[in-house]
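What follows is a set of notes on a single structure, which appears directly below.
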Amino acid sequence: MRILLLGAGMMGRAIAYDLSKRKELKEIILADRDPKRAKKITDWLRDRRVVPRRLDVSARRAVRETMEGCDVAISAVPYFFNLSLAEAAVESGVHFCDLGGNTRIVAAELALSEKAKKADVTLIPDCGLAPGLVNILATAAIEGIKEIDSVKIRVGGLPQRPHPPLDYQIVFSTHGLLNEYLEEATVIRDGRLAEIPSLDGLEEISFPPPYENLEAFYTSGGSSTLPQTLSGRVKELDYKTIRYRGHLEKVKAMVELGFFDEEPRLIDGTKVVPRELTVHLLNEHLTFDEPDVVLLRVTARGRQEGRTQEVRYQMIDHYDEKTGLSAMMRTTGFPIAQIAFMLATGRIAARGALPQESCVPTKEFLEGMRERGLTIERSVVEQ
């Protein structure tokens, strides 16, 4: 089996690490437009099966030629390349999965379903942490619950030691982060799909010490296709991002002052886009390269045989000193590597362009996460 991994950034590093632990794979091609970045990872892994290659993912013909002969292609490049890469995968007859990042692009990928079926391939977008892992956990949580009242998803990537003023550090694309804060969130209310403003719905949330008395609020995109998939089956569903207390108030002030605006301002004869300047400053001041933590809680409530049942999945994952992989890298990279492996080995048999919550076998997927050291605790309370 041969897997093509596109992108040798932070997430690409975690994915390559995971894939290198799977002895069934014959070759893992790690492609990046900067061959030095790819070689740095292959040198770190010291695995002859992991082969670096120079590739510009915007070069469609070169992408197709590289995909040919592979069983699965994984995208760990910026989200705006994913539609073109998914189309190239269909043309090359190769299974494909990506980390998502934009709901409109994901919708366009899912629209390729008939073409994917004809090519006998499977396209699965949004296979990271959130969306990704949380979608599959939500699916696992509602299995066996006959009448589902609510599904609540709470996730956050945080520095273990918060730094003012925002008590946050950059752990993935800053542009993607701002999209989550600015775009509307899709939820289910009273059994119907609804769009609501992000940066609203503030609530308190606590995990075991030292992660107590945190806050959570609505953001966009974290559940991706899950509301549409569960519409008509669930009365209430929402997704909130976890942060240290006080973060939301400061971000809302930045929004109101125009720091995230995309309309250029003329300053001393120079056009300045506030959002671009803000991204630059956030990257400059919030990149600490310090140990992080990912907090996750997925809760489903409903009724089964006359009893109220609550199923909860919870995960607290920390930076791994041994591998140098951050918690965000682990919890984003390991899920997509597992899905790619299940595609390569035929464990995911459905064809077309599909949301992961509708085609990934939950039991085998979660077993794979446990084997990779992600401790996801499940609890059930009946009344």
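By order in the structure tokens, chains are A, B, ...; within a chain, residues start at 1; ligands start at 1, following the order shown.
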
Next item on the list: Determine which residues of region 74-220 of chain A receive a DSSP assignment of strand (DSSP E or B), computed from the backbone, and state them as number ranges by chain.
Entry: A: 74-75, 95-98, 122-124, 128, 132, 147-159, 185-189, 192-196, 203-205, 214-218

Notebook entry, point to check: Leaving out region 24-33 of chain A and any residue of its chain fewer than 2 positions from it, which residues lie within 7 Å of it when counting only C-alpha atoms, given as an NGL selection string?
Noted result: :A and (1-8 or 22 or 35 or 38 or 49-56)

Go ahead and write the residues just picked, N, CA, C and O atoms, as a compact mmCIF listing (two decimals), in the first residue's frame.
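Result went into selection12.txt, see below:
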# COMPACT_ATOMS: atom_id res chain seq x y z
N MET A 1 0.84 -1.20 0.00
CA MET A 1 0.00 0.00 0.00
C MET A 1 0.88 1.25 0.00
O MET A 1 1.89 1.31 0.70
N ARG A 2 0.46 2.22 -0.77
CA ARG A 2 1.23 3.47 -0.91
C ARG A 2 0.32 4.65 -0.59
O ARG A 2 -0.78 4.76 -1.13
N ILE A 3 0.79 5.54 0.28
CA ILE A 3 0.02 6.72 0.65
C ILE A 3 0.81 7.98 0.30
O ILE A 3 2.02 8.06 0.55
N LEU A 4 0.12 8.95 -0.28
CA LEU A 4 0.71 10.24 -0.60
C LEU A 4 0.25 11.26 0.44
O LEU A 4 -0.96 11.47 0.62
N LEU A 5 1.19 11.88 1.11
CA LEU A 5 0.90 12.91 2.11
C LEU A 5 1.34 14.25 1.56
O LEU A 5 2.54 14.47 1.31
N LEU A 6 0.40 15.16 1.37
CA LEU A 6 0.67 16.47 0.80
C LEU A 6 0.79 17.50 1.92
O LEU A 6 -0.17 17.77 2.63
N GLY A 7 1.98 18.04 2.10
CA GLY A 7 2.19 19.05 3.12
C GLY A 7 3.11 18.56 4.22
O GLY A 7 2.82 17.56 4.88
N ALA A 8 4.20 19.31 4.44
CA ALA A 8 5.19 18.92 5.45
C ALA A 8 5.28 19.97 6.55
O ALA A 8 6.36 20.27 7.06
N ARG A 22 2.83 2.25 10.98
CA ARG A 22 1.95 1.22 10.40
C ARG A 22 2.77 0.36 9.43
O ARG A 22 3.06 0.78 8.30
N PRO A 35 11.29 21.15 -0.62
CA PRO A 35 11.82 19.80 -0.37
C PRO A 35 12.62 19.70 0.93
O PRO A 35 12.71 18.63 1.52
N ALA A 38 10.25 18.71 3.73
CA ALA A 38 9.91 17.29 3.67
C ALA A 38 11.08 16.42 4.13
O ALA A 38 10.90 15.47 4.90
N ARG A 49 10.81 3.92 4.22
CA ARG A 49 9.55 3.91 3.49
C ARG A 49 9.00 5.32 3.28
O ARG A 49 8.14 5.53 2.43
N VAL A 50 9.45 6.27 4.09
CA VAL A 50 8.98 7.66 3.98
C VAL A 50 9.92 8.41 3.06
O VAL A 50 11.09 8.64 3.36
N VAL A 51 9.38 8.79 1.90
CA VAL A 51 10.21 9.36 0.83
C VAL A 51 9.82 10.82 0.58
O VAL A 51 8.66 11.12 0.30
N PRO A 52 10.78 11.75 0.69
CA PRO A 52 10.46 13.16 0.42
C PRO A 52 10.37 13.43 -1.08
O PRO A 52 11.07 12.81 -1.87
N ARG A 53 9.50 14.37 -1.43
CA ARG A 53 9.37 14.73 -2.84
C ARG A 53 8.95 16.19 -2.97
O ARG A 53 8.11 16.66 -2.18
N ARG A 54 9.50 16.88 -3.94
CA ARG A 54 9.10 18.26 -4.19
C ARG A 54 7.84 18.27 -5.04
O ARG A 54 7.77 17.61 -6.08
N LEU A 55 6.83 19.03 -4.60
CA LEU A 55 5.59 19.12 -5.36
C LEU A 55 4.86 20.42 -5.01
O LEU A 55 4.65 20.72 -3.84
N ASP A 56 4.48 21.14 -6.04
CA ASP A 56 3.63 22.33 -5.89
C ASP A 56 2.19 21.89 -6.09
O ASP A 56 1.81 21.50 -7.20

Next item on the list: Write out as JSON, numbers by chain which residues come within 8 Å of Thr122 (chain A) when counting only C-alpha atoms, dropping same-chain ones fewer than 6 positions away.
Entry: {"A": [94, 95, 96, 116, 343, 350, 351, 352, 353, 354]}

Checklist line | 12 Å contact set for Thr362 (chain A), only C-alpha atoms, chain neighbours under 2 positions out, as an MDAnalysis selection string | finding: chainID A and resid 132:143 335 338:339 342 347:348 356:360 364:369

Quick one: write out the picked residues with N, CA and C atoms as a short mmCIF file (atom, residue, chain, number, x, y, z; two decimals), in the first residue's frame?
data_model
loop_
_atom_site.label_atom_id
_atom_site.label_comp_id
_atom_site.auth_asym_id
_atom_site.auth_seq_id
_atom_site.Cartn_x
_atom_site.Cartn_y
_atom_site.Cartn_z
N GLY A 132 -13.90 16.49 12.63
CA GLY A 132 -13.16 15.25 12.47
C GLY A 132 -13.44 14.30 13.61
N LEU A 133 -12.50 14.22 14.53
CA LEU A 133 -12.64 13.34 15.68
C LEU A 133 -13.96 13.56 16.42
N VAL A 134 -14.35 14.84 16.60
CA VAL A 134 -15.57 15.12 17.36
C VAL A 134 -16.81 14.59 16.64
N ASN A 135 -16.80 14.62 15.31
CA ASN A 135 -17.95 14.11 14.56
C ASN A 135 -18.14 12.62 14.80
N ILE A 136 -17.03 11.89 14.81
CA ILE A 136 -17.11 10.45 15.01
C ILE A 136 -17.48 10.13 16.45
N LEU A 137 -16.99 10.92 17.39
CA LEU A 137 -17.37 10.72 18.80
C LEU A 137 -18.86 11.00 19.00
N ALA A 138 -19.37 12.03 18.34
CA ALA A 138 -20.81 12.32 18.44
C ALA A 138 -21.62 11.17 17.88
N THR A 139 -21.17 10.60 16.76
CA THR A 139 -21.86 9.46 16.18
C THR A 139 -21.83 8.26 17.12
N ALA A 140 -20.67 8.03 17.75
CA ALA A 140 -20.55 6.92 18.70
C ALA A 140 -21.43 7.15 19.93
N ALA A 141 -21.53 8.41 20.36
CA ALA A 141 -22.30 8.72 21.57
C ALA A 141 -23.79 8.46 21.40
N ILE A 142 -24.31 8.68 20.19
CA ILE A 142 -25.76 8.51 20.00
C ILE A 142 -26.14 7.10 19.58
N GLU A 143 -25.14 6.26 19.31
CA GLU A 143 -25.45 4.88 18.95
C GLU A 143 -26.17 4.20 20.11
N PRO A 335 -6.12 11.31 13.83
CA PRO A 335 -7.41 10.89 13.25
C PRO A 335 -7.40 10.77 11.73
N GLN A 338 -5.54 7.67 10.66
CA GLN A 338 -6.34 6.47 10.88
C GLN A 338 -7.37 6.30 9.76
N ILE A 339 -8.02 7.38 9.37
CA ILE A 339 -9.02 7.30 8.30
C ILE A 339 -8.35 6.93 6.98
N MET A 342 -7.62 3.28 7.04
CA MET A 342 -8.84 2.48 6.86
C MET A 342 -9.31 2.51 5.41
N ARG A 347 -11.26 -0.90 4.94
CA ARG A 347 -12.16 -0.92 6.09
C ARG A 347 -13.30 0.07 5.93
N ILE A 348 -13.09 1.09 5.11
CA ILE A 348 -14.18 2.00 4.72
C ILE A 348 -14.57 1.63 3.30
N GLN A 356 -17.39 12.11 7.31
CA GLN A 356 -16.82 10.99 8.05
C GLN A 356 -17.81 10.37 9.01
N GLU A 357 -18.77 11.17 9.53
CA GLU A 357 -19.71 10.61 10.50
C GLU A 357 -20.69 9.62 9.87
N SER A 358 -20.74 9.59 8.53
CA SER A 358 -21.65 8.68 7.86
C SER A 358 -20.97 7.46 7.26
N CYS A 359 -19.62 7.38 7.33
CA CYS A 359 -18.96 6.26 6.67
C CYS A 359 -17.82 5.62 7.46
N VAL A 360 -17.36 6.25 8.52
CA VAL A 360 -16.23 5.70 9.28
C VAL A 360 -16.74 4.81 10.40
N GLU A 364 -13.75 0.64 15.27
CA GLU A 364 -12.38 0.44 14.80
C GLU A 364 -11.60 1.75 14.84
N PHE A 365 -12.26 2.85 14.49
CA PHE A 365 -11.60 4.15 14.52
C PHE A 365 -11.12 4.48 15.93
N LEU A 366 -11.98 4.30 16.93
CA LEU A 366 -11.62 4.64 18.30
C LEU A 366 -10.56 3.70 18.85
N GLU A 367 -10.58 2.45 18.43
CA GLU A 367 -9.52 1.53 18.82
C GLU A 367 -8.17 2.03 18.29
N GLY A 368 -8.19 2.55 17.05
CA GLY A 368 -6.98 3.11 16.46
C GLY A 368 -6.47 4.31 17.24
N MET A 369 -7.38 5.14 17.72
CA MET A 369 -6.97 6.30 18.52
C MET A 369 -6.33 5.86 19.83
#

Next item on the list: Give me, please, the distance in Å between CA of Pro125 (chain A) and CA of Glu109 (chain A), quoted to one decimal.
Entry: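 If I compute the distance from CA of Pro125 (chain A) to CA of Glu109 (chain A), I get 7.5 Å.
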
Next item on the list: Considering only C-alpha atoms, state which residue in the set A:Leu325, A:Gly100, A:Met67, A:Ile105 is at the smallest distance from Leu83 (chain A).
Entry: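 Between A:Leu325, A:Gly100, A:Met67, A:Ile105, the residue approaching Leu83 (chain A) most closely is A:Ile105.
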
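Shell of Leu281 (chain A) at 12 Å, with only C-alpha atoms counted and residues fewer than 6 places along the chain excluded, is Ile170, Thr174, Phe259, Phe260, Pro274, Arg275 and Thr287 of chain A.
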
Next item on the list: Mind giving me the straight-line distance from CA of Arg297 (chain A) to CA of Met315 (chain A) in Å, one decimal?
Entry: 6.6 Å

Next item on the list: Write out as a PyMOL selection string each polymer residue whose atoms come within 7 Å of Tyr239 (chain A), counting only C-alpha atoms; drop sequence neighbours fewer than 5 positions from it.
Entry: chain A and resi 152-154+218+222-223

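Among the candidate residues A:Val272, A:Ile267, A:Val311, A:Ala111, the one lying nearest to Gln383 (chain A) is A:Val311, with distances computed using only C-alpha atoms.
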
Check: For Gly373 (chain A), which residue out of A:Val234, A:Asp47, A:Thr331, A:Ser20 is the nearest one, using only C-alpha atoms?
Finding: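 Result for the nearest residue to Gly373 (chain A): A:Thr331.
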
Next item on the list: One decimal, Å: what's the distance from CA of Ala185 (chain A) over to CA of Leu129 (chain A), could you say?
Entry: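 CA of Leu129 (chain A) lies 17.0 Å from CA of Ala185 (chain A).
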
Next item on the list: List the neighbours of Asp261 (chain A) out to 10 Å using only C-alpha atoms; skip same-chain residues closer than 6 positions along the sequence, and give me the result as a ChimeraX atom specification.
Entry: /A:182,254-255,273-276,278

Check: With only C-alpha atoms as the basis for distance, which of A:Val72, A:Ala89, A:Leu193, A:Ile188 is at the shortest distance from Ser150 (chain A)?
Finding: A:Ile188

Item checked: DSSP alpha helix (DSSP H) residues within region 14-89 of chain A, listed as a PyMOL selection string -> chain A and resi 14-20+35-45+60-67+82-89

Same residues, N, CA, C and O atoms, saved as a CSV table (one decimal), in the first residue's frame:
chain,number,residue,atom,x,y,z
A,14,ALA,N,2.9,15.3,12.1
A,14,ALA,CA,2.2,14.4,13.0
A,14,ALA,C,1.6,13.2,12.2
A,14,ALA,O,1.7,12.0,12.6
A,15,ILE,N,1.1,13.5,11.0
A,15,ILE,CA,0.5,12.5,10.1
A,15,ILE,C,1.6,11.5,9.7
A,15,ILE,O,1.4,10.3,9.7
A,16,ALA,N,2.7,12.0,9.2
A,16,ALA,CA,3.8,11.2,8.8
A,16,ALA,C,4.3,10.3,9.9
A,16,ALA,O,4.6,9.1,9.7
A,17,TYR,N,4.4,10.8,11.1
A,17,TYR,CA,4.8,10.0,12.3
A,17,TYR,C,3.9,8.9,12.5
A,17,TYR,O,4.3,7.7,12.7
A,18,ASP,N,2.6,9.2,12.5
A,18,ASP,CA,1.6,8.1,12.7
A,18,ASP,C,1.7,7.0,11.6
A,18,ASP,O,1.7,5.8,11.9
A,19,LEU,N,1.7,7.5,10.3
A,19,LEU,CA,1.8,6.5,9.2
A,19,LEU,C,3.0,5.6,9.3
A,19,LEU,O,3.0,4.4,8.9
A,20,SER,N,4.1,6.2,9.8
A,20,SER,CA,5.4,5.4,9.8
A,20,SER,C,5.3,4.3,10.8
A,20,SER,O,6.1,3.4,10.8
A,35,PRO,N,11.3,21.2,-0.6
A,35,PRO,CA,11.8,19.8,-0.4
A,35,PRO,C,12.6,19.7,0.9
A,35,PRO,O,12.7,18.6,1.5
A,36,LYS,N,13.2,20.8,1.4
A,36,LYS,CA,13.9,20.8,2.6
A,36,LYS,C,13.0,20.5,3.8
A,36,LYS,O,13.4,19.8,4.8
A,37,ARG,N,11.8,21.0,3.8
A,37,ARG,CA,10.9,20.8,4.9
A,37,ARG,C,10.5,19.3,4.9
A,37,ARG,O,10.4,18.7,6.0
A,38,ALA,N,10.2,18.7,3.7
A,38,ALA,CA,9.9,17.3,3.7
A,38,ALA,C,11.1,16.4,4.1
A,38,ALA,O,10.9,15.5,4.9
A,39,LYS,N,12.3,16.8,3.7
A,39,LYS,CA,13.5,16.0,4.1
A,39,LYS,C,13.7,16.1,5.6
A,39,LYS,O,14.2,15.1,6.2
A,40,LYS,N,13.4,17.2,6.2
A,40,LYS,CA,13.7,17.4,7.6
A,40,LYS,C,12.8,16.4,8.4
A,40,LYS,O,13.3,15.8,9.4
A,41,ILE,N,11.6,16.1,7.9
A,41,ILE,CA,10.7,15.2,8.6
A,41,ILE,C,11.2,13.7,8.3
A,41,ILE,O,11.2,12.9,9.2
A,42,THR,N,11.6,13.4,7.1
A,42,THR,CA,12.0,12.1,6.8
A,42,THR,C,13.3,11.7,7.5
A,42,THR,O,13.5,10.6,8.0
A,43,ASP,N,14.2,12.7,7.7
A,43,ASP,CA,15.4,12.5,8.4
A,43,ASP,C,15.1,12.2,9.9
A,43,ASP,O,15.7,11.4,10.6
A,44,TRP,N,14.1,12.9,10.4
A,44,TRP,CA,13.7,12.7,11.8
A,44,TRP,C,13.1,11.3,12.0
A,44,TRP,O,13.4,10.7,13.0
A,45,LEU,N,12.3,10.9,11.1
A,45,LEU,CA,11.6,9.6,11.2
A,45,LEU,C,12.6,8.4,11.0
A,45,LEU,O,12.4,7.3,11.6
A,60,ARG,N,-1.7,21.3,-11.2
A,60,ARG,CA,-2.7,20.2,-11.3
A,60,ARG,C,-2.1,18.9,-12.0
A,60,ARG,O,-2.3,17.8,-11.5
A,61,ARG,N,-1.4,19.1,-13.1
A,61,ARG,CA,-0.9,17.9,-13.8
A,61,ARG,C,0.1,17.2,-12.9
A,61,ARG,O,0.1,15.9,-12.9
A,62,ALA,N,1.0,17.9,-12.3
A,62,ALA,CA,2.1,17.3,-11.5
A,62,ALA,C,1.4,16.6,-10.3
A,62,ALA,O,1.9,15.5,-9.9
A,63,VAL,N,0.3,17.1,-9.7
A,63,VAL,CA,-0.4,16.5,-8.6
A,63,VAL,C,-1.0,15.1,-9.1
A,63,VAL,O,-0.8,14.1,-8.4
A,64,ARG,N,-1.6,15.1,-10.3
A,64,ARG,CA,-2.2,13.9,-10.8
A,64,ARG,C,-1.1,12.8,-11.0
A,64,ARG,O,-1.3,11.7,-10.7
A,65,GLU,N,0.0,13.2,-11.6
A,65,GLU,CA,1.1,12.3,-11.9
A,65,GLU,C,1.6,11.7,-10.6
A,65,GLU,O,2.0,10.5,-10.5
A,66,THR,N,1.7,12.5,-9.5
A,66,THR,CA,2.2,12.0,-8.2
A,66,THR,C,1.2,11.1,-7.6
A,66,THR,O,1.6,10.1,-6.9
A,67,MET,N,-0.1,11.4,-7.7
A,67,MET,CA,-1.1,10.6,-7.1
A,67,MET,C,-1.2,9.2,-7.8
A,67,MET,O,-1.6,8.2,-7.1
A,82,ASN,N,-8.0,22.3,-1.3
A,82,ASN,CA,-8.6,20.9,-1.1
A,82,ASN,C,-9.6,20.6,-2.2
A,82,ASN,O,-9.6,19.4,-2.6
A,83,LEU,N,-10.3,21.5,-2.8
A,83,LEU,CA,-11.2,21.1,-3.8
A,83,LEU,C,-10.5,20.7,-5.1
A,83,LEU,O,-10.8,19.7,-5.7
A,84,SER,N,-9.5,21.4,-5.4
A,84,SER,CA,-8.7,21.0,-6.6
A,84,SER,C,-8.0,19.7,-6.4
A,84,SER,O,-7.9,18.8,-7.3
A,85,LEU,N,-7.5,19.4,-5.2
A,85,LEU,CA,-6.9,18.2,-4.9
A,85,LEU,C,-7.9,17.0,-4.9
A,85,LEU,O,-7.6,15.9,-5.4
A,86,ALA,N,-9.1,17.3,-4.4
A,86,ALA,CA,-10.1,16.2,-4.4
A,86,ALA,C,-10.5,15.9,-5.9
A,86,ALA,O,-10.7,14.7,-6.2
A,87,GLU,N,-10.6,16.9,-6.7
A,87,GLU,CA,-10.9,16.7,-8.1
A,87,GLU,C,-9.8,15.8,-8.8
A,87,GLU,O,-10.0,14.9,-9.6
A,88,ALA,N,-8.5,16.2,-8.4
A,88,ALA,CA,-7.4,15.4,-9.0
A,88,ALA,C,-7.4,14.0,-8.5
A,88,ALA,O,-7.0,13.1,-9.3
A,89,ALA,N,-7.8,13.8,-7.3
A,89,ALA,CA,-7.9,12.4,-6.8
A,89,ALA,C,-8.9,11.6,-7.5
A,89,ALA,O,-8.7,10.4,-7.9
